[in-house]
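Chemist: What follows is a structure written as C-alpha coordinates; I'll ask about it next.
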Amino acid sequence: MCTDDEAVSYDEAASIGFKVIEMADRVKVADKVLPGATAKWCFAMDDVEYNVVVTVRHGA
(Lines give C-alpha, C1' and ligand atoms only; values in the text may rest on other atoms or scores of the structure.)
Protein backbone atom coordinates (compact mmCIF):
# COMPACT_ATOMS: atom_id res chain seq x y z
CA MET A 1 0.00 0.00 0.00
CA CYS A 2 1.40 3.40 -1.02
CA THR A 3 0.67 6.86 0.28
CA ASP A 4 0.81 9.91 -1.96
CA ASP A 5 4.35 10.62 -0.71
CA GLU A 6 5.72 7.18 -1.60
CA ALA A 7 6.73 6.17 -5.11
CA VAL A 8 6.37 2.46 -4.26
CA SER A 9 5.27 0.43 -1.27
CA TYR A 10 7.76 -1.17 1.10
CA ASP A 11 7.02 -4.61 -0.40
CA GLU A 12 7.57 -3.35 -3.95
CA ALA A 13 10.81 -1.63 -2.95
CA ALA A 14 12.02 -4.77 -1.18
CA SER A 15 11.18 -6.84 -4.26
CA ILE A 16 13.19 -4.49 -6.50
CA GLY A 17 16.11 -4.53 -4.04
CA PHE A 18 16.11 -8.33 -3.82
CA LYS A 19 16.08 -8.54 -7.63
CA VAL A 20 19.14 -6.26 -7.89
CA ILE A 21 20.96 -8.35 -5.25
CA GLU A 22 20.10 -11.52 -7.18
CA MET A 23 21.43 -9.90 -10.37
CA ALA A 24 24.69 -8.97 -8.62
CA ASP A 25 25.13 -12.49 -7.30
CA ARG A 26 24.60 -14.01 -10.74
CA VAL A 27 26.77 -11.55 -12.66
CA LYS A 28 29.61 -12.08 -10.15
CA VAL A 29 29.77 -15.74 -11.23
CA ALA A 30 29.31 -14.96 -14.93
CA ASP A 31 32.06 -12.32 -14.82
CA LYS A 32 34.59 -14.95 -13.71
CA VAL A 33 33.93 -16.92 -16.90
CA LEU A 34 33.26 -13.98 -19.21
CA PRO A 35 34.81 -10.74 -17.92
CA GLY A 36 32.56 -7.78 -18.62
CA ALA A 37 29.35 -9.80 -18.32
CA THR A 38 26.22 -7.82 -17.48
CA ALA A 39 22.89 -8.57 -15.88
CA LYS A 40 20.00 -6.54 -17.29
CA TRP A 41 16.45 -6.07 -16.06
CA CYS A 42 13.73 -3.47 -16.42
CA PHE A 43 10.72 -2.46 -14.38
CA ALA A 44 8.03 0.20 -14.51
CA MET A 45 6.97 2.63 -11.83
CA ASP A 46 4.32 5.32 -12.31
CA ASP A 47 4.16 4.57 -16.04
CA VAL A 48 7.92 5.15 -16.42
CA GLU A 49 10.16 2.25 -17.48
CA TYR A 50 13.60 1.87 -15.89
CA ASN A 51 16.54 -0.20 -17.13
CA VAL A 52 18.83 -1.73 -14.52
CA VAL A 53 22.28 -2.95 -15.55
CA VAL A 54 24.67 -4.62 -13.09
CA THR A 55 28.34 -5.24 -13.83
CA VAL A 56 31.34 -6.20 -11.74
CA ARG A 57 33.65 -3.26 -11.09
CA HIS A 58 37.30 -4.05 -11.75
CA GLY A 59 39.99 -1.84 -10.27
CA ALA A 60 39.42 1.58 -8.83
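Residues in the C-alpha coordinates are numbered from 1 in each chain, the chains being A, B, ... in the order shown, and ligands are numbered from 1 in the order shown.
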I need the residues in chain A that are strand (DSSP E or B) according to DSSP; give them as a list in words.
Modeler: Thr38, Ala39, Lys40, Trp41, Cys42, Phe43, Ala44, Met45, Val48, Glu49, Tyr50, Asn51, Val52, Val53, Val54 and Thr55 of chain A
Chemist: Which residues, written as a PyMOL selection string, have at least one atom at most 9 Å from Lys40 of chain A, with only C-alpha atoms counted and residues fewer than 5 positions away on the same chain left out?
Modeler: chain A and resi 23+51-54
Chemist: As an NGL selection string, which residues of chain A does DSSP assign to alpha helix (DSSP H)?
Modeler: :A and (10-33)
Chemist: Provide the atom CA of Val56 of chain A to atom CA of Lys28 of chain A distance in Å, to one decimal place.
Modeler: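 Distance reported for this atom pair: 6.3 Å.
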Chemist: Let me make sure I understand: among A:Ala30, A:Ala44, A:Arg57, A:Tyr50, which one has the smallest atom-to-atom distance to Val8 of chain A if we use only C-alpha atoms?
Modeler: A:Ala44
Chemist: Quick one: pull the distance between atom CA of Gly17 of chain A and atom CA of Val33 of chain A, Å, one decimal.
Modeler: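 Between atom CA of Gly17 of chain A and atom CA of Val33 of chain A the gap works out to 25.2 Å.
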Chemist: At what distance in Å, to one decimal, does atom CA of Gly59 of chain A lie from atom CA of Pro35 of chain A?
Modeler: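 That distance, rounded to one decimal, is 12.8 Å.
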Chemist: Which is closer to Glu22 of chain A than all the others in A:Met45, A:Ala39, A:Ser9, A:Leu34, using only C-alpha atoms?
Modeler: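 Counting only C-alpha atoms, the residue closest to Glu22 of chain A is A:Ala39.
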Chemist: With only C-alpha atoms as the basis for distance, which of A:Val20, A:Ala14, A:Ala37, A:Asp25 is at the shortest distance from His58 of chain A?
Modeler: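 Residue with the minimum atom-to-atom distance to His58 of chain A: A:Ala37.
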Chemist: Have a look at A:Trp41, A:Gly36, A:Ala7, A:Asp31 and name the one nearest to Lys19 of chain A; count only C-alpha atoms.
Modeler: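 Using only C-alpha atoms, Lys19 of chain A sits closest to A:Trp41.
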